[in-house]
Amino acid sequence: MDLGLTGRTALVAGSTSGLGLAIARALAAEGARVAITGRRGDTARRLAAELPAAAGFEVDLAEPDAAARLTAAVVAELGPVEVLVLNSGGPPPGGARDVRTGAVRSALETLLLRQVELVAQALPGMRARQWGRIVAVGSSGVQQPLAGLALSNIARAGLAGYLKTLAGEVGRDGVTVNMVLPGRIATDRVADLDRFRAEREGADVADVEARSRATIPVGRYGRPAEFAAVAAFLCSDPASYVTGTQVRCDGGLVGGY
C-alpha cells in the first residue's frame, strides 16, 4: 500500500529513542521528511543522518516558547509540518494513594500541556492546506488504567479528552486526530517499569516479565516496529477517514473492544 507520505514533512516529538524513534524510522521509510527531536541534540542529528531525508533538532519542550521555536526551525529546514506525532516519556511509577498535586502538575506539563503547545503551532498550517495528521502515542492505561502508574493514567486521559474534542473540530479541514495506545512494547521504558516492579515485589525481573507475557493473548511483548507501522498508517493519506479514534497495539492485553 502506498501511504502517500512521500515528500510530506513529519515532526516526531521525543524521537531519539523508543517508540518515537521507531515511528520516525517508519515514516522515513515511506518517503517522509522527518524531524528527529529530543533534548540530546547530538543524538538527534546522528539518528537523522541515518535516514534518507531527515534532520535532527535539539529541544527541551519544558522551556518557554520551545514548541514555537522548534516548529519554526523544522519549517525552515524541512518545510511546513504536515504530520505531527505527539510523544513524551512517562512520569515516575506510583500508586494513586501516593499522588501529590506537585507530581500531578509535573505530569500534566509533560504529557498534556507540551503536546497542546505543539498542536497550536502546527495546526493552523494544516488547516490552511486542508491536509494534516496528528497522531499521539498514548497508553493502554487510557482505556484500562494501569496499576502503579497513577500519574500516567491521569495525564494521558487528559490528552485523550483534548484530542477527541479537537478531532470533532478540524475534521472538515482535512485534519485527522488519533491516538495509538501501546501495551507491553519492548522499549527501555517498559524494561524500567519491569525492574521497578521486581524491586517493589522482591522478585526476579525474569519472573515479572514472564507474568506480564502470560497476561497478553499473543504471549509476548510487542516490537517497536509493529507499533510504528500502526502509527504510520494513521499518518497516511489512505487513513483520511479515520479520526477521533484510539487504536490499541497491545497484543490483546486490554480486556474489551
# chains A, B, ... in the order shown; residues from 1 in each chain; ligands from 1
$ residues_around --residues "Phe233 (chain A)" --least-positions-apart "3" --cutoff "12 Å" --atoms "only C-alpha atoms" --output "PyMOL selection string"
chain A and resi 1-5+23+26-27+30+83+133-135+176+178-180+226-230+236-242+247
$ select_by_dssp --residues "region 95-159 of chain A" --states "strand (DSSP E or B)" --output "PyMOL selection string"
chain A and resi 132-137+149
$ residues_around --residues "Pro52 (chain A)" --least-positions-apart "2" --cutoff "10 Å" --atoms "only C-alpha atoms" --output "PyMOL selection string"
chain A and resi 25+28-29+31-34+48-50+54-55
$ closest_residue --among "A:Gly56, A:Gly89, A:Gly141, A:Gly256" --to "Asp42 (chain A)" --atoms "only C-alpha atoms"
A:Gly56
$ closest_residue --among "A:Val190, A:Val104, A:Val119, A:Ala66" --to "Val208 (chain A)" --atoms "only C-alpha atoms"
A:Val190
$ select_by_dssp --residues "region 109-215 of chain A" --states "helix (DSSP H, G or I)" --output "PyMOL selection string"
chain A and resi 109-129+140-142+150-173+188-201+205-214
$ residues_around --residues "Gly255 (chain A)" --least-positions-apart "5" --cutoff "10 Å" --atoms "only C-alpha atoms" --output "list in words"
Gln143, Gln144 and Ile216 of chain A
$ closest_atom_pairs --of "region 136-239 of chain A" --to "region 120-132 of chain A" --cutoff "12 Å" --atoms "only C-alpha atoms" --output "JSON lines"
{"residue": "A:Leu166", "atom": "CA", "partner": "A:Leu123", "partner_atom": "CA", "distance": 10.3}
{"residue": "A:Ala167", "atom": "CA", "partner": "A:Gly132", "partner_atom": "CA", "distance": 11.4}
{"residue": "A:Glu169", "atom": "CA", "partner": "A:Arg127", "partner_atom": "CA", "distance": 10.8}
{"residue": "A:Val170", "atom": "CA", "partner": "A:Arg127", "partner_atom": "CA", "distance": 7.5}
{"residue": "A:Gly171", "atom": "CA", "partner": "A:Arg127", "partner_atom": "CA", "distance": 9.4}
{"residue": "A:Arg172", "atom": "CA", "partner": "A:Gln130", "partner_atom": "CA", "distance": 8.4}
{"residue": "A:Asp173", "atom": "CA", "partner": "A:Gln130", "partner_atom": "CA", "distance": 5.1}
{"residue": "A:Gly174", "atom": "CA", "partner": "A:Trp131", "partner_atom": "CA", "distance": 4.6}
{"residue": "A:Val175", "atom": "CA", "partner": "A:Gly132", "partner_atom": "CA", "distance": 4.4}
{"residue": "A:Thr176", "atom": "CA", "partner": "A:Gly132", "partner_atom": "CA", "distance": 6.4}
{"residue": "A:Val177", "atom": "CA", "partner": "A:Gly132", "partner_atom": "CA", "distance": 8.6}
{"residue": "A:Asn178", "atom": "CA", "partner": "A:Gly132", "partner_atom": "CA", "distance": 11.5}
{"residue": "A:Leu234", "atom": "CA", "partner": "A:Gly132", "partner_atom": "CA", "distance": 10.8}
{"residue": "A:Cys235", "atom": "CA", "partner": "A:Gly132", "partner_atom": "CA", "distance": 8.3}
{"residue": "A:Ser236", "atom": "CA", "partner": "A:Gly132", "partner_atom": "CA", "distance": 9.4}
{"residue": "A:Asp237", "atom": "CA", "partner": "A:Trp131", "partner_atom": "CA", "distance": 9.1}
{"residue": "A:Ala239", "atom": "CA", "partner": "A:Gly132", "partner_atom": "CA", "distance": 11.1}
$ closest_residue --among "A:Ala214, A:Leu193, A:Ala186, A:Val74" --to "Ala22 (chain A)" --atoms "only C-alpha atoms"
A:Ala186
$ residues_around --residues "Thr37 (chain A)" --least-positions-apart "3" --cutoff "6 Å" --atoms "only C-alpha atoms" --output "VMD selection string"
chain A and resid 13 to 15 44 56 to 58
$ write_last_selection --atoms "C-alpha atoms" --output "CSV table (one decimal), in the first residue's frame"
chain,number,residue,atom,x,y,z
A,13,ALA,CA,8.4,14.6,19.3
A,14,GLY,CA,10.6,12.6,21.6
A,15,SER,CA,12.1,10.6,18.8
A,44,ALA,CA,19.1,13.6,17.2
A,56,GLY,CA,17.9,16.4,13.9
A,57,PHE,CA,16.7,19.1,16.3
A,58,GLU,CA,17.7,19.7,19.9
$ atom_distance --atom1 "CA of Thr165 (chain A)" --atom2 "CA of Val81 (chain A)"
21.2 Å
$ decode --residues "region 83-94 of chain A" --atoms "N, CA and C atoms" --output "compact mmCIF listing (two decimals), in the first residue's frame"
# COMPACT_ATOMS: atom_id res chain seq x y z
N VAL A 83 2.58 16.37 9.24
CA VAL A 83 2.33 15.24 10.14
C VAL A 83 2.97 15.58 11.48
N LEU A 84 2.18 15.52 12.53
CA LEU A 84 2.69 15.79 13.88
C LEU A 84 2.45 14.57 14.75
N VAL A 85 3.52 14.01 15.26
CA VAL A 85 3.43 12.87 16.17
C VAL A 85 3.76 13.34 17.58
N LEU A 86 2.80 13.24 18.46
CA LEU A 86 2.96 13.66 19.85
C LEU A 86 3.47 12.48 20.67
N ASN A 87 4.58 12.69 21.36
CA ASN A 87 5.17 11.61 22.12
C ASN A 87 6.02 12.20 23.23
N SER A 88 5.99 11.56 24.37
CA SER A 88 6.78 12.03 25.50
C SER A 88 7.04 10.87 26.44
N GLY A 89 8.15 10.93 27.17
CA GLY A 89 8.43 9.93 28.18
C GLY A 89 7.40 9.97 29.29
N GLY A 90 7.23 8.83 29.95
CA GLY A 90 6.23 8.74 31.00
C GLY A 90 6.74 9.21 32.35
N PRO A 91 5.83 9.59 33.25
CA PRO A 91 6.21 10.03 34.59
C PRO A 91 6.61 8.85 35.47
N PRO A 92 7.14 9.12 36.65
CA PRO A 92 7.54 8.03 37.54
C PRO A 92 6.35 7.15 37.93
N PRO A 93 6.60 5.86 38.14
CA PRO A 93 5.51 4.99 38.60
C PRO A 93 5.13 5.31 40.04
N GLY A 94 3.95 4.84 40.41
CA GLY A 94 3.47 5.04 41.78
C GLY A 94 1.96 4.90 41.83
